[in-house]
Each structure stands twice: as structure tokens, then as C-alpha cells.
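Structure, as C-alpha cells:
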Amino acid sequence: MLSLQLIPVTLQFRSTFRISREAKDTSDSLIVAIGDGIHTGYGEAASHRYYRKTIASLSASLEKCRAFLAGVNDYHPEELWPGLLRLTDGDTFALSALDNALWDLWGRRQGKPLFDCWGLSVDQNVASDITIGIGPIEEMAEKLNEYSGWPVYKIKLGAGDDLAIMQALRDRTDAVLRVDANCAWSAETGVAHAEALAALDVEFIEQPLKADDWAGMKTLHESSPLPLIADESCVVEKDVERCAEVFHGINIKLMKCGGLTPARRMITRAHEMNLSVMVGCMSECTVGMSAIAQILPLLDAVDMDGAALISNDPADGVRVEQGICRYPERNGLGVEVKSAEILTCED
């Protein structure tokens, strides 16, 4: 018998976070706790305007699973995933929180960190980037100082002065720079910008065009000197093969695809199709980052800076320090929730 507990939290950004389509100072998130009477596993689902997810809608999806979980005893997360997909009516954000919490609980039951349960080594992990949101050029440049020492920066673009921003940032750092336009460009803009960004030694461009602009992506793919990484165009497993036609890689988000279970399948399929694989985060705390950390050994790039961008993290677990992932000596995802509202069980 598994219990379900939902804990809403409001995450406070260290400074206003801006991308091409919005700016925000806070973000609502929902921590999911699944217990078996001995151990507790945790997952996280973030609210998201673009995907029309709110705490209320996520809670409603999760409540549909309460009775089902109450009847579960021995289980494997992969076996439960299809049933939970049906119960949540395809709400992958809610499903991701459930799936990650179940994997956390499963790892704790095995007495090992989850990555170890999967036979993965974390010795050669790639470094995470940290995101610089859109703002005045000098403000963005100052963020480089604020986050000095990170080996990789992901720069949000789409405000209209993109090339001036990138020139100013390149003048201030020799670090690896990636750009993310969050669907803001046209194909024509993408073609022109790709040439200029290549001259500035940018590593790759993430989601330059609107998610469904496949014709535009074909044009850009044919001419771009830089690798193109799908984000909003790659949501669930079936999107991987289509993305392979016009992108060089994919950015998997656990909440978009439905958790660690489908993410692992997407990674395998992408590598079979010679696509590079990145996993990214949304506005999440350490609970979400600790889930990503379990598949980090399988990735070519990662964006797990969510906890670094907030000031009131409600959890402890995997830490990302100047891009380097530090794992706690705990089992499962390694998460502990700090909130006094949660009565966690000892491993």
C-alpha cells in the first residue's frame, strides 16, 4: 500500500527570470511524496504557463491516482507507468512527478542510489550550464560575474538585439556559450543568426523556431553551421524520430515526457539515430535536479541549474556547484524535503 502526499511550494527566483515569451519572479511547484510506511520517495511537477499547467490542474491529475497507489505493494516503476499515464489522462507533468517519486522509493528499497541501481557510473559526467535570462546587455553581462566559475552558460535570446548581446558576452568570457531562442525566431532570422553566432564560437542553438515550424526548421537545418537542438519541438517519445529529420539533437524535459521511465527510452532511441541528447529543467528545485542527476551519465549536455536560480529551495539532495554535480550519500534520488509539513521516513 502506497500513500500519496502533495506539497505545493512557491519558489522565489534570485532575480527576475526572463525568456522571449515571459518574465517572472516566482514559480509555483508541487512536490509529490509517495510512502510505503518505511521509506518516502519524492518527485516534482512545476506549473507552466506555456503548457497550461497550474497547481490546481496538477493536483487534480494526481488525485486520480491516489486509490490506485493505495492498492500497490510490490512494484517496478516501469510496470506502473502505463497505468498511471491512463489515470492522469496524459498529464505528463503530473505523471513525471509520480514516476520520479516511485523511482526514488524503489531505489531506497534497493538500498542504493538510483544511478547505481541502473549500473551507471557518475565519474565522467558532463558539466551543467547555468542560464542567463533576457535583460539589458549590461545586466546580462553582470550575470556572468554573479555566476563566475561556471564552465558553460546558456543565453536566452529573442528580445531583438540578440547579436549585440552575444558579442558583449563573448567579449567578457571565454567559457562555452549556448543560446536558446525559445521559439522566437523566423527561419530567415535563424539562418542569419546562425552564421553570426558560429563566428562567436557558440556551441549550439536550442529551439530557434516555433515548435511546429517544421518547414522552417528544414531550411535552417540545411544551412546552419551550428548544431540545432529541439526543445519545444520534442515533447514525448514519438517526437524523437521527427526531430531527427531537422535537428542535430534533442533536449528532453522529464515533465514534458512523463518522467525518468520514458526519458531513458528517448535517450536510447536518440542515440540510435545519431542525435545528441541534452536533458533540461524548468523552474524546479533540488527535487527535480536530483531526478535529472540519475541519468546524467547518459547525456551529451545538461541544463540542471534550476535550484541555483532560486533562493528558497525546500529540499536537499544533489547539488550543482559551478556546473559540477555533487551527489549526497543517500539512496534513491538522494532527496530530503526540508519543509516541516512533511514527515519523512528514515531509510
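Simple scheme: letters A, B, ... for chains in C-alpha cells order, numbers from 1 for residues in each chain, numbers from 1 for ligands in the order shown.
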Which residues of range 260-327 of chain A have any atom within 12 Å of an atom in range 100-104 of chain A when counting only C-alpha atoms, and what is the closest pair of atoms for each, with the distance in Å to one decimal? Order the rows by chain and rising number and write it as a Markdown table.
| residue | atom | partner | partner_atom | distance |
| --- | --- | --- | --- | --- |
| A:Leu260 | CA | A:Asn100 | CA | 6.1 |
| A:Thr261 | CA | A:Asn100 | CA | 8.2 |
| A:Pro262 | CA | A:Asn100 | CA | 10.9 |
| A:Ala263 | CA | A:Asn100 | CA | 10.8 |
| A:Val287 | CA | A:Asn100 | CA | 9.3 |
| A:Gly288 | CA | A:Asn100 | CA | 8.6 |
| A:Met289 | CA | A:Asn100 | CA | 11.0 |
| A:Ser290 | CA | A:Asn100 | CA | 9.6 |
| A:Ala291 | CA | A:Asn100 | CA | 6.5 |
| A:Ile292 | CA | A:Asn100 | CA | 9.5 |
| A:Ala293 | CA | A:Asn100 | CA | 11.6 |
| A:Gln294 | CA | A:Asp104 | CA | 10.0 |
| A:Ile295 | CA | A:Asn100 | CA | 11.7 |
| A:Gly317 | CA | A:Asp104 | CA | 11.7 |
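Residues within 12 Å of Val122 in chain A, counting only C-alpha atoms and excluding same-chain residues fewer than 4 positions away, are Pro113, Leu114, Phe115, Asp116, Trp118, Val126, Ala127, Ala293, Gln294, Ile295, Leu296, Pro297, Leu298, Leu299, Ile324, Cys325, Arg326 and Tyr327 of chain A.
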Next on the checklist: Can you tell me which residues surround Ala164 in chain A at a distance of at most 9 Å, considering only C-alpha atoms, apart from same-chain residues fewer than 4 positions away, and format the answer as a list in words?
Outcome noted: Ile137, Ala168 and Leu169 of chain A
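The shortest atom-to-atom distance to Gly71 in chain A, with only C-alpha atoms taken into account, belongs to A:Leu2 out of A:Leu2, A:Ala315, A:Ile132, A:Ala23.
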Item to check | DSSP-assigned strand (DSSP E) among range 3-76 of chain A, expressed as a PyMOL selection string | outcome: chain A and resi 3-19+22-35+40-46
Next on the checklist: as a count of residues only, please: the residues near Lys238 in chain A (cut-off 12 Å, only C-alpha atoms, same-chain neighbours under 3 positions excluded).
Outcome noted: 14
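Take the candidates A:Pro8, A:Gly107, A:Gly259, A:Gly133 and check each one against Leu309 in chain A using only C-alpha atoms; the shortest distance goes to A:Gly133.
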Item to check | Length of the CA of Lys53 in chain A to CA of Lys154 in chain A vector [Å] | outcome: 24.5 Å
Listing only residues of range 98-140 of chain A within 12 Å of range 12-20 of chain A, what is the closest atom pair and its distance in Å (to one decimal) for each, using only C-alpha atoms, sorted by chain and residue number ascending, as a Markdown table?
| residue | atom | partner | partner_atom | distance |
| --- | --- | --- | --- | --- |
| A:Thr131 | CA | A:Phe17 | CA | 9.4 |
| A:Ile132 | CA | A:Phe17 | CA | 8.4 |
| A:Gly133 | CA | A:Arg18 | CA | 4.9 |
| A:Ile134 | CA | A:Arg18 | CA | 5.0 |
| A:Gly135 | CA | A:Arg18 | CA | 7.1 |
| A:Pro136 | CA | A:Arg18 | CA | 10.8 |
| A:Glu139 | CA | A:Ser15 | CA | 10.9 |
| A:Met140 | CA | A:Arg18 | CA | 10.7 |
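Rounded to one decimal, CA of Cys183 in chain A and CA of Gly158 in chain A lie 8.1 Å from each other.
With only C-alpha atoms as the atoms that count, the minimum distance from Gly323 in chain A to the choices A:Ala56, A:Leu120, A:Val152, A:Ala301 is reached by A:Val152.
With only C-alpha atoms as the atoms that count, the minimum distance from Val246 in chain A to the choices A:Cys281, A:Ala184, A:Ile7, A:Met217 is reached by A:Met217.
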